[in-house]
Amino acid sequence: MDEKKIEKQLSLPLRNAFQMSVRNLRIRFGRSIIVTMSILLGISFLMSIFSSNAYTNALLTRGPEDIRLILEKSAADIRTRQVWLVSLSLLVCVVGIVNAMLMSVTERSREIGTMKCLGALDRFVMELFLLESLIHGLIGSILGCIVGLFIMTVVFLFQYHGLVLRLFPAGPLLWYALLSVLLGTGLAIAGALYPAYVSARMEPAEAMRREV
Amino acid sequence: MARREAIVRTIELRKTYMLGKVSLPVLKGIDLEIFRGEYISIMGPSGSGKTTLFNMVGGLDKPTDGKVYIDEVDVAQLDAYELAWLRCRKIGYIFQTFNLIPVMTALENVMLPMIFAGLTTDEAMEKAKGLLETVGLGERLHHKPFELSGGQQQRVAIARALANDPAIILADEPTGNLDLKTGKEIIELLKRMNREKQVSVITATHDLKMLDVSDRVVWIRDGLIERVEDRENLDIKVGQVEGE
């Protein structure tokens, strides 16, 4: 049989796939919240570290003399600590997000097996989980960014009062925000796609047998 | 006498599961022919291999050895796309646990295989409505699975199995989770579909109520076929569940 022709005879239009994904998120609301929270927490931690960097650097480079002197004394320490904190928060992100996505996909193994019995190509299953994880990732990351930035801004406001708002490092913060959203969304997709791929490729009998 | 067309054929079919280092042979060489339009039941006790045979015959799993031909096509030779096409268009599946998509309504569940087959949403909706009416659920189109009883869910599953006018319906213990009365209704419905739509029905079951409606019965034990009986020759002794 001509492979291309057979493939064309099976389809999942994007509109249907999107509808199914959104429906899944709305109805499995509890599970969606947990997954989104995982992403949100990871990204807010990351973004708070980033914001702290941005504010500290703004103070270091453009702040008044006295503050700069204090900060410069511990500049080297700050640098090292920043790198360590960013790495740690990235790790927290990865573990938290991937775990949430893994669980979310595995508990639907039977559903995946059933869909394959109805003629779904592996590709369709992947598409559905891609859309769902994209939505989770975007919402969780954007909210996480806002939360992280907000918290760190409050912290710095307490310490340095109005100075922080005058020196507001819009550029670096925007860049960090973009990076965080990309990272969070990317991790969410990666975290869901691998288990989805494993489930999609299984023979339906095996997928439906999986104990959750 | 015209030679009847075999829609499913197995030759020396074997399946062995590997549990770590231990190998567990479940099917030990099955030769079976199933003809177009037949209603055939595969019967046997728990652990006899009937679900495994069912999975082989339905292209849900690959054999360890031997061959399975569906409509004269060797299933092992099919690639992923062709298998998906087979499951979409040629075969309809019914399971003991109904396996409906929980977030979709009855109507949407029946529409899903049609969407895969390329029908537009409107076409699919029309056809799905018709099928649900045929199985007696015209009033329950927009109910979700958890709002339906077991019997009703199985009816939705039957409607879904018929979505793309398949040649074969495979039912694995369709009455396993149903009470006596509901089980009978489901069996009647399957027989009616077999007659009206000319679709071959293959069930794996240990429900003796299925014997009445079957054209042939395949008794399987310990991974081998014990015997195959035509309906006229069925000898049912009350109280002997294993049909010895």
# chains A, B, ... in the order shown; residues from 1 in each chain; ligands from 1

call {"tool": "select_by_dssp", "arguments": {"residues": "region 60-238 of chain B", "states": "strand (DSSP E or B)", "output": "ChimeraX atom specification"}}
result
/B:65-70,73-74,91-94,168-172,200-205,216-221,224-230

call {"tool": "write_last_selection", "arguments": {"atoms": "N, CA and C atoms", "output": "mmCIF file, in the first residue's frame"}}
result
data_model
loop_
_atom_site.group_PDB
_atom_site.id
_atom_site.type_symbol
_atom_site.label_atom_id
_atom_site.label_comp_id
_atom_site.auth_asym_id
_atom_site.auth_seq_id
_atom_site.Cartn_x
_atom_site.Cartn_y
_atom_site.Cartn_z
ATOM 1 N N ASP B 65 4.910 -15.675 16.981
ATOM 2 C CA ASP B 65 5.174 -16.584 15.872
ATOM 3 C C ASP B 65 3.852 -16.897 15.162
ATOM 4 N N GLY B 66 3.952 -17.354 13.909
ATOM 5 C CA GLY B 66 2.724 -17.676 13.190
ATOM 6 C C GLY B 66 2.182 -16.455 12.477
ATOM 7 N N LYS B 67 1.047 -16.624 11.817
ATOM 8 C CA LYS B 67 0.515 -15.543 10.992
ATOM 9 C C LYS B 67 -0.948 -15.246 11.297
ATOM 10 N N VAL B 68 -1.291 -13.977 11.147
ATOM 11 C CA VAL B 68 -2.688 -13.565 11.230
ATOM 12 C C VAL B 68 -3.024 -12.816 9.947
ATOM 13 N N TYR B 69 -4.053 -13.294 9.245
ATOM 14 C CA TYR B 69 -4.493 -12.614 8.025
ATOM 15 C C TYR B 69 -5.852 -11.991 8.263
ATOM 16 N N ILE B 70 -5.958 -10.695 8.058
ATOM 17 C CA ILE B 70 -7.263 -10.046 8.114
ATOM 18 C C ILE B 70 -7.594 -9.628 6.690
ATOM 19 N N VAL B 73 -4.795 -10.094 4.319
ATOM 20 C CA VAL B 73 -3.609 -9.258 4.476
ATOM 21 C C VAL B 73 -2.879 -9.670 5.750
ATOM 22 N N ASP B 74 -1.595 -9.945 5.632
ATOM 23 C CA ASP B 74 -0.809 -10.356 6.789
ATOM 24 C C ASP B 74 -0.588 -9.159 7.717
ATOM 25 N N ILE B 91 -12.220 -2.488 11.333
ATOM 26 C CA ILE B 91 -12.555 -3.190 12.576
ATOM 27 C C ILE B 91 -13.159 -2.228 13.585
ATOM 28 N N GLY B 92 -14.171 -2.676 14.300
ATOM 29 C CA GLY B 92 -14.732 -1.895 15.396
ATOM 30 C C GLY B 92 -14.519 -2.670 16.685
ATOM 31 N N TYR B 93 -14.104 -1.992 17.734
ATOM 32 C CA TYR B 93 -13.758 -2.694 18.977
ATOM 33 C C TYR B 93 -14.734 -2.383 20.100
ATOM 34 N N ILE B 94 -15.027 -3.409 20.861
ATOM 35 C CA ILE B 94 -15.870 -3.243 22.051
ATOM 36 C C ILE B 94 -15.152 -3.925 23.217
ATOM 37 N N ILE B 168 -15.687 -6.014 10.469
ATOM 38 C CA ILE B 168 -15.607 -6.895 11.642
ATOM 39 C C ILE B 168 -15.875 -6.087 12.904
ATOM 40 N N ILE B 169 -16.623 -6.691 13.814
ATOM 41 C CA ILE B 169 -16.709 -6.124 15.160
ATOM 42 C C ILE B 169 -16.048 -7.108 16.107
ATOM 43 N N LEU B 170 -15.118 -6.593 16.898
ATOM 44 C CA LEU B 170 -14.462 -7.431 17.885
ATOM 45 C C LEU B 170 -14.932 -7.017 19.268
ATOM 46 N N ALA B 171 -15.466 -7.964 20.010
ATOM 47 C CA ALA B 171 -15.978 -7.646 21.335
ATOM 48 C C ALA B 171 -15.284 -8.525 22.374
ATOM 49 N N ASP B 172 -14.537 -7.875 23.270
ATOM 50 C CA ASP B 172 -13.843 -8.607 24.324
ATOM 51 C C ASP B 172 -14.673 -8.561 25.591
ATOM 52 N N SER B 200 -19.351 -9.077 10.463
ATOM 53 C CA SER B 200 -18.905 -10.247 11.214
ATOM 54 C C SER B 200 -18.674 -9.847 12.661
ATOM 55 N N VAL B 201 -19.117 -10.668 13.579
ATOM 56 C CA VAL B 201 -18.916 -10.370 14.991
ATOM 57 C C VAL B 201 -18.081 -11.468 15.611
ATOM 58 N N ILE B 202 -16.995 -11.060 16.237
ATOM 59 C CA ILE B 202 -16.121 -12.018 16.927
ATOM 60 C C ILE B 202 -16.082 -11.604 18.394
ATOM 61 N N THR B 203 -16.543 -12.474 19.265
ATOM 62 C CA THR B 203 -16.491 -12.118 20.681
ATOM 63 C C THR B 203 -15.639 -13.113 21.444
ATOM 64 N N ALA B 204 -14.921 -12.591 22.429
ATOM 65 C CA ALA B 204 -14.197 -13.442 23.372
ATOM 66 C C ALA B 204 -14.973 -13.342 24.672
ATOM 67 N N THR B 205 -15.385 -14.455 25.206
ATOM 68 C CA THR B 205 -16.298 -14.352 26.340
ATOM 69 C C THR B 205 -16.318 -15.623 27.163
ATOM 70 N N ARG B 216 -20.973 -20.128 15.281
ATOM 71 C CA ARG B 216 -20.003 -21.155 15.663
ATOM 72 C C ARG B 216 -19.383 -20.763 16.991
ATOM 73 N N VAL B 217 -18.911 -21.754 17.712
ATOM 74 C CA VAL B 217 -18.247 -21.487 18.981
ATOM 75 C C VAL B 217 -16.879 -22.154 18.978
ATOM 76 N N VAL B 218 -15.857 -21.393 19.333
ATOM 77 C CA VAL B 218 -14.508 -21.930 19.416
ATOM 78 C C VAL B 218 -14.165 -22.083 20.881
ATOM 79 N N TRP B 219 -13.934 -23.293 21.327
ATOM 80 C CA TRP B 219 -13.563 -23.508 22.723
ATOM 81 C C TRP B 219 -12.051 -23.511 22.831
ATOM 82 N N ILE B 220 -11.520 -22.658 23.690
ATOM 83 C CA ILE B 220 -10.067 -22.571 23.832
ATOM 84 C C ILE B 220 -9.678 -22.882 25.273
ATOM 85 N N ARG B 221 -8.611 -23.632 25.420
ATOM 86 C CA ARG B 221 -8.126 -23.966 26.763
ATOM 87 C C ARG B 221 -6.617 -24.075 26.714
ATOM 88 N N LEU B 224 -4.669 -23.478 23.444
ATOM 89 C CA LEU B 224 -4.931 -24.286 22.245
ATOM 90 C C LEU B 224 -6.432 -24.401 22.012
ATOM 91 N N ILE B 225 -6.803 -24.606 20.761
ATOM 92 C CA ILE B 225 -8.234 -24.784 20.474
ATOM 93 C C ILE B 225 -8.620 -26.206 20.835
ATOM 94 N N GLU B 226 -9.620 -26.311 21.692
ATOM 95 C CA GLU B 226 -10.098 -27.626 22.113
ATOM 96 C C GLU B 226 -11.005 -28.207 21.041
ATOM 97 N N ARG B 227 -11.991 -27.405 20.661
ATOM 98 C CA ARG B 227 -12.858 -27.826 19.555
ATOM 99 C C ARG B 227 -13.623 -26.618 19.032
ATOM 100 N N VAL B 228 -14.163 -26.793 17.815
ATOM 101 C CA VAL B 228 -14.992 -25.764 17.215
ATOM 102 C C VAL B 228 -16.342 -26.392 16.924
ATOM 103 N N GLU B 229 -17.407 -25.734 17.410
ATOM 104 C CA GLU B 229 -18.738 -26.334 17.217
ATOM 105 C C GLU B 229 -19.658 -25.412 16.438
ATOM 106 N N ASP B 230 -20.438 -26.004 15.555
ATOM 107 C CA ASP B 230 -21.516 -25.252 14.909
ATOM 108 C C ASP B 230 -22.692 -25.185 15.857
#

call {"tool": "interface_residues", "arguments": {"of": "chain B", "to": "chain A", "cutoff": "8 Å", "atoms": "only C-alpha atoms", "output": "list in words"}}
result
Asn55, Leu60, Asp61, Ala80, Tyr81, Glu82, Leu83, Ala84, Trp85, Leu86, Arg87, Cys88, Arg89, Gly92, Tyr93, Asn99, Leu100, Ile101, Val103, Leu112, Pro113, Ile115, Phe116, Ala117 and Gly118 of chain B

call {"tool": "write_last_selection", "arguments": {"atoms": "C-alpha atoms", "output": "mmCIF file, in the first residue's frame"}}
result
data_model
loop_
_atom_site.group_PDB
_atom_site.id
_atom_site.type_symbol
_atom_site.label_atom_id
_atom_site.label_comp_id
_atom_site.auth_asym_id
_atom_site.auth_seq_id
_atom_site.Cartn_x
_atom_site.Cartn_y
_atom_site.Cartn_z
ATOM 1 C CA ASN B 55 -5.836 -9.040 20.568
ATOM 2 C CA LEU B 60 -3.997 -4.910 18.730
ATOM 3 C CA ASP B 61 -0.814 -6.785 19.405
ATOM 4 C CA ALA B 80 1.849 1.908 11.573
ATOM 5 C CA TYR B 81 -0.279 3.860 9.092
ATOM 6 C CA GLU B 82 -1.849 0.780 7.562
ATOM 7 C CA LEU B 83 -2.594 -0.666 10.993
ATOM 8 C CA ALA B 84 -4.230 2.596 12.044
ATOM 9 C CA TRP B 85 -6.295 2.545 8.856
ATOM 10 C CA LEU B 86 -7.325 -1.036 9.537
ATOM 11 C CA ARG B 87 -8.445 -0.158 13.053
ATOM 12 C CA CYS B 88 -10.242 2.906 11.821
ATOM 13 C CA ARG B 89 -12.103 1.488 8.848
ATOM 14 C CA GLY B 92 -14.732 -1.895 15.396
ATOM 15 C CA TYR B 93 -13.758 -2.694 18.977
ATOM 16 C CA ASN B 99 -13.383 2.432 27.207
ATOM 17 C CA LEU B 100 -15.318 5.542 26.274
ATOM 18 C CA ILE B 101 -13.454 8.857 26.375
ATOM 19 C CA VAL B 103 -14.545 13.979 28.749
ATOM 20 C CA LEU B 112 -14.422 10.414 16.998
ATOM 21 C CA PRO B 113 -13.542 7.529 14.646
ATOM 22 C CA ILE B 115 -13.299 12.430 12.411
ATOM 23 C CA PHE B 116 -10.214 10.256 12.046
ATOM 24 C CA ALA B 117 -11.670 8.827 8.855
ATOM 25 C CA GLY B 118 -11.921 12.306 7.414
#

call {"tool": "residues_around", "arguments": {"residues": "Leu178 (chain A)", "least_positions_apart": "3", "cutoff": "12 Å", "atoms": "only C-alpha atoms", "output": "PyMOL selection string"}}
result
chain A and resi 43+46-47+50+138+141-142+144-146+171-175+181-186

call {"tool": "write_last_selection", "arguments": {"atoms": "C-alpha atoms", "output": "mmCIF file, in the first residue's frame"}}
result
data_model
loop_
_atom_site.group_PDB
_atom_site.id
_atom_site.type_symbol
_atom_site.label_atom_id
_atom_site.label_comp_id
_atom_site.auth_asym_id
_atom_site.auth_seq_id
_atom_site.Cartn_x
_atom_site.Cartn_y
_atom_site.Cartn_z
ATOM 1 C CA ILE A 43 9.003 29.649 36.900
ATOM 2 C CA LEU A 46 13.353 31.254 38.488
ATOM 3 C CA MET A 47 11.926 34.675 37.703
ATOM 4 C CA PHE A 50 16.339 36.693 37.660
ATOM 5 C CA LEU A 138 2.072 29.327 28.524
ATOM 6 C CA SER A 141 4.881 30.457 32.807
ATOM 7 C CA ILE A 142 3.239 33.813 32.272
ATOM 8 C CA GLY A 144 4.771 32.418 37.244
ATOM 9 C CA CYS A 145 6.676 35.324 35.742
ATOM 10 C CA ILE A 146 4.236 37.824 37.148
ATOM 11 C CA GLY A 171 15.146 45.965 29.619
ATOM 12 C CA PRO A 172 16.781 43.144 31.554
ATOM 13 C CA LEU A 173 13.502 42.264 33.258
ATOM 14 C CA LEU A 174 11.699 41.969 29.959
ATOM 15 C CA TRP A 175 14.440 39.800 28.606
ATOM 16 C CA VAL A 181 8.232 31.948 29.568
ATOM 17 C CA LEU A 182 10.142 30.195 26.818
ATOM 18 C CA LEU A 183 11.826 27.927 29.303
ATOM 19 C CA GLY A 184 8.643 27.067 31.165
ATOM 20 C CA THR A 185 6.697 26.383 28.000
ATOM 21 C CA GLY A 186 9.570 24.421 26.518
#

call {"tool": "closest_residue", "arguments": {"among": "B:Ser23, B:Thr175, B:Gln96, B:Ser214", "to": "Thr51 (chain B)", "atoms": "only C-alpha atoms"}}
result
B:Gln96

call {"tool": "residues_around", "arguments": {"residues": "region 189-199 of chain A", "least_positions_apart": "4", "cutoff": "7 Å", "atoms": "only C-alpha atoms", "output": "PyMOL selection string"}}
result
chain A and resi 97-98+101-102+105-106+109+112+126+129-130+133-134+185+207

call {"tool": "write_last_selection", "arguments": {"atoms": "C-alpha atoms", "output": "PDB file, in the first residue's frame"}}
result
ATOM      1  CA  ILE A  97       7.386  20.335  35.486  1.00  0.00           C
ATOM      2  CA  VAL A  98       8.504  17.064  33.961  1.00  0.00           C
ATOM      3  CA  MET A 101       3.506  16.220  32.870  1.00  0.00           C
ATOM      4  CA  LEU A 102       4.660  12.624  33.183  1.00  0.00           C
ATOM      5  CA  VAL A 105       0.078  11.580  30.543  1.00  0.00           C
ATOM      6  CA  THR A 106       0.575   8.217  32.217  1.00  0.00           C
ATOM      7  CA  SER A 109      -2.626   5.520  28.997  1.00  0.00           C
ATOM      8  CA  ILE A 112      -4.485   6.664  24.455  1.00  0.00           C
ATOM      9  CA  MET A 126       1.290  13.617  20.207  1.00  0.00           C
ATOM     10  CA  PHE A 129      -0.677  16.371  24.245  1.00  0.00           C
ATOM     11  CA  LEU A 130       1.428  19.009  22.540  1.00  0.00           C
ATOM     12  CA  SER A 133       1.078  21.093  27.352  1.00  0.00           C
ATOM     13  CA  LEU A 134       1.533  24.250  25.274  1.00  0.00           C
ATOM     14  CA  THR A 185       6.697  26.383  28.000  1.00  0.00           C
ATOM     15  CA  ALA A 207      -1.325   0.795  26.602  1.00  0.00           C
TER      16      ALA A 207
END

call {"tool": "closest_residue", "arguments": {"among": "B:Gly49, B:Gly37, B:Pro166, B:Gly150", "to": "Met114 (chain B)", "atoms": "only C-alpha atoms"}}
result
B:Pro166

call {"tool": "atom_distance", "arguments": {"atom1": "CA of Ala54 (chain A)", "atom2": "CA of Ala177 (chain A)"}}
result
11.1 Å

call {"tool": "residues_around", "arguments": {"residues": "Val164 (chain A)", "least_positions_apart": "3", "cutoff": "12 Å", "atoms": "only C-alpha atoms", "output": "ChimeraX atom specification"}}
result
/A:51-52,54-60,62-64,67,152-161,167-170

call {"tool": "write_last_selection", "arguments": {"atoms": "C-alpha atoms", "output": "mmCIF file, in the first residue's frame"}}
result
data_model
loop_
_atom_site.group_PDB
_atom_site.id
_atom_site.type_symbol
_atom_site.label_atom_id
_atom_site.label_comp_id
_atom_site.auth_asym_id
_atom_site.auth_seq_id
_atom_site.Cartn_x
_atom_site.Cartn_y
_atom_site.Cartn_z
ATOM 1 C CA SER A 51 14.576 39.791 39.020
ATOM 2 C CA SER A 52 16.895 39.839 41.993
ATOM 3 C CA ALA A 54 18.325 42.605 37.512
ATOM 4 C CA TYR A 55 17.616 44.826 40.512
ATOM 5 C CA THR A 56 20.992 44.156 42.120
ATOM 6 C CA ASN A 57 22.822 44.871 38.895
ATOM 7 C CA ALA A 58 20.807 48.062 38.391
ATOM 8 C CA LEU A 59 21.781 49.181 41.872
ATOM 9 C CA LEU A 60 25.391 48.197 41.313
ATOM 10 C CA ARG A 62 23.365 53.037 38.424
ATOM 11 C CA GLY A 63 22.638 53.294 42.135
ATOM 12 C CA PRO A 64 23.792 56.024 44.532
ATOM 13 C CA ILE A 67 24.692 51.648 48.162
ATOM 14 C CA MET A 152 11.006 40.206 44.260
ATOM 15 C CA THR A 153 9.857 43.753 43.558
ATOM 16 C CA VAL A 154 8.137 43.884 46.938
ATOM 17 C CA VAL A 155 11.259 42.541 48.645
ATOM 18 C CA PHE A 156 13.477 45.134 47.037
ATOM 19 C CA LEU A 157 10.938 47.898 47.660
ATOM 20 C CA PHE A 158 11.137 47.078 51.350
ATOM 21 C CA GLN A 159 14.877 47.357 51.366
ATOM 22 C CA TYR A 160 15.566 50.185 48.953
ATOM 23 C CA HIS A 161 12.205 51.947 48.813
ATOM 24 C CA LEU A 167 16.135 52.543 38.547
ATOM 25 C CA PHE A 168 13.573 50.084 37.223
ATOM 26 C CA PRO A 169 15.565 47.789 34.874
ATOM 27 C CA ALA A 170 12.834 47.333 32.305
#

call {"tool": "residues_around", "arguments": {"residues": "Val86 (chain A)", "least_positions_apart": "3", "cutoff": "7 Å", "atoms": "only C-alpha atoms", "output": "list in words"}}
result
Leu46, Ile49, Gln82, Val83, Ser89 and Leu90 of chain A

call {"tool": "write_last_selection", "arguments": {"atoms": "C-alpha atoms", "output": "short mmCIF file (atom, residue, chain, number, x, y, z; two decimals), in the first residue's frame"}}
result
data_model
loop_
_atom_site.label_atom_id
_atom_site.label_comp_id
_atom_site.auth_asym_id
_atom_site.auth_seq_id
_atom_site.Cartn_x
_atom_site.Cartn_y
_atom_site.Cartn_z
CA LEU A 46 13.35 31.25 38.49
CA ILE A 49 16.10 34.94 41.02
CA GLN A 82 23.46 34.26 41.54
CA VAL A 83 24.86 31.55 39.30
CA SER A 89 15.99 27.04 40.33
CA LEU A 90 16.35 25.64 36.83
#

call {"tool": "select_by_dssp", "arguments": {"residues": "region 9-125 of chain B", "states": "alpha helix (DSSP H)", "output": "number ranges by chain"}}
result
B: 50-57, 80-85, 106-116, 121-125

call {"tool": "closest_residue", "arguments": {"among": "A:His136, A:Ser87, A:Lys73, A:Arg68", "to": "Ile33 (chain A)", "atoms": "only C-alpha atoms"}}
result
A:His136

call {"tool": "residues_around", "arguments": {"residues": "Glu185 (chain B)", "least_positions_apart": "6", "cutoff": "10 Å", "atoms": "only C-alpha atoms", "output": "MDAnalysis selection string"}}
result
chainID B and resid 151 155 175 191

call {"tool": "write_last_selection", "arguments": {"atoms": "C-alpha atoms", "output": "CSV table (one decimal), in the first residue's frame"}}
result
chain,number,residue,atom,x,y,z
B,151,GLY,CA,-25.5,-1.0,29.7
B,155,ARG,CA,-24.5,0.7,23.7
B,175,THR,CA,-21.1,-8.4,29.0
B,191,LYS,CA,-26.9,-10.1,16.9

call {"tool": "atom_distance", "arguments": {"atom1": "CA of Thr52 (chain B)", "atom2": "CA of Gly223 (chain B)"}}
result
9.1 Å
